[in-house]
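Take a look at the structure below.
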Amino acid sequence: MNILYFQKGFNYSQDGPGNRLVYHLQGCNMRCPWCANPEGLALSSREAISVTVSDLIQEIVSSKLMFFDGGGVTFTGGEATLQFTSLQAILKELKKLGIDTCIETNGASPNLLELAPFIDHLIIDLKHYDEEKHRQAVGIGNERIKENLGALADSGKEILIRTPLIHGFNDEREDIEGFLAFYQTLPLEKLQFELLSFHEYGKDKWAKLGLAYQMVNGYIKPEIKQEYERKYRESGLQVVRT
């Protein structure tokens, strides 16, 4: 059994706690026009690296000395859960070995709950509270994402929920209330929230792939992020910045 990734490297604190070995797995089921890693969208790529599950586990084990300050391994993407069978096998083994695990996901996998017992840290994106606006922007709706968030929150799982703030998509003041209306249906004790301002870090990658970068004027006003954070905190949500 193999697994495909297009990038790997160590990162501190932004992809889970401590120093982490981060694997960007190939393939994504969304088509976000602001994507910072367009090389990871296709399910297969000539540039992607294919390794066996056992070889990847061995590489992770050999890197244990680097997992300081509560670090470990993080799987992101693309969308990590698209390679579900291989990912599940890796997570199960890492759990047996006592290696800290983290998943960054868009939360849309129908099998996400099956992975939960083997994940120490879970980071889920919720890009928009409205299903139709979510579908129009990224190609799929958010119903499954919200169902997964509800089930995981009810189970007591600790989750960091991230939202990229994009001008013309979710930066109106009414959008703040829309997100809050959904979050207030969840048990909040184990949830953290992070708001990420739009950036163009992936713009050059789109050009190198021969793809047209679709974002125009995506930057938000700084006061919008500040208002998001203020209203979230006033509503009892724990806001963090990683």
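Every chain in the structure tokens takes a letter, A first, then B, and so on in the order presented; its residues are numbered from 1, and the ligands are numbered from 1 following the presented order.
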
message = Using only C-alpha atoms, which protein or nucleic acid residues come within 8 Å of region 217-233 of chain A? Drop anything in the same chain fewer than 5 positions from it, and give the result as a VMD selection string.
response = chain A and resid 165 to 168 171 to 173 176 180 195 197 to 199 238 to 239

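Residues in contact with Leu87 (chain A) at up to 9 Å, not including ones fewer than 6 positions away on its chain and judged by only C-alpha atoms, are Ile3, Val53, Phe75, Ala80, Thr81 and Leu115 of chain A.
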
Please provide the set of residues having any atom within 9 Å of Tyr213 (chain A), restricted to only C-alpha atoms, with same-chain residues fewer than 3 positions apart removed, written as JSON, numbers by chain.
{"A": [33, 34, 202, 203, 204, 205, 206, 207, 216]}

Can you list, as a ChimeraX atom specification, every residue of region 11-242 of chain A that DSSP puts in helix (DSSP H, G or I)?
/A:38-40,53-62,64-66,80-96,112-118,131-138,143-154,173-183,203-208,222-234

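Distances to Val240 (chain A) were evaluated for A:Ala116, A:Leu188, A:Leu97, A:Ile161 using only C-alpha atoms, and the minimum falls at A:Ile161.
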
Find the residues around Ser109 (chain A) up to 12 Å (only C-alpha atoms counted), leave out those fewer than 3 positions away in its own chain, and share them as a list in words. Cys28, Asn29, Met30, Glu79, Ala80, Thr81, Leu82, Gln83, Phe84, Thr105, Asn106, Leu112, Leu113, Glu114, Leu115, Ala116, Ile124, Ile140, Gly141, Asn142, Glu143, Arg144, Ile145, Lys146, Glu147, Asn148 and Leu149 of chain A
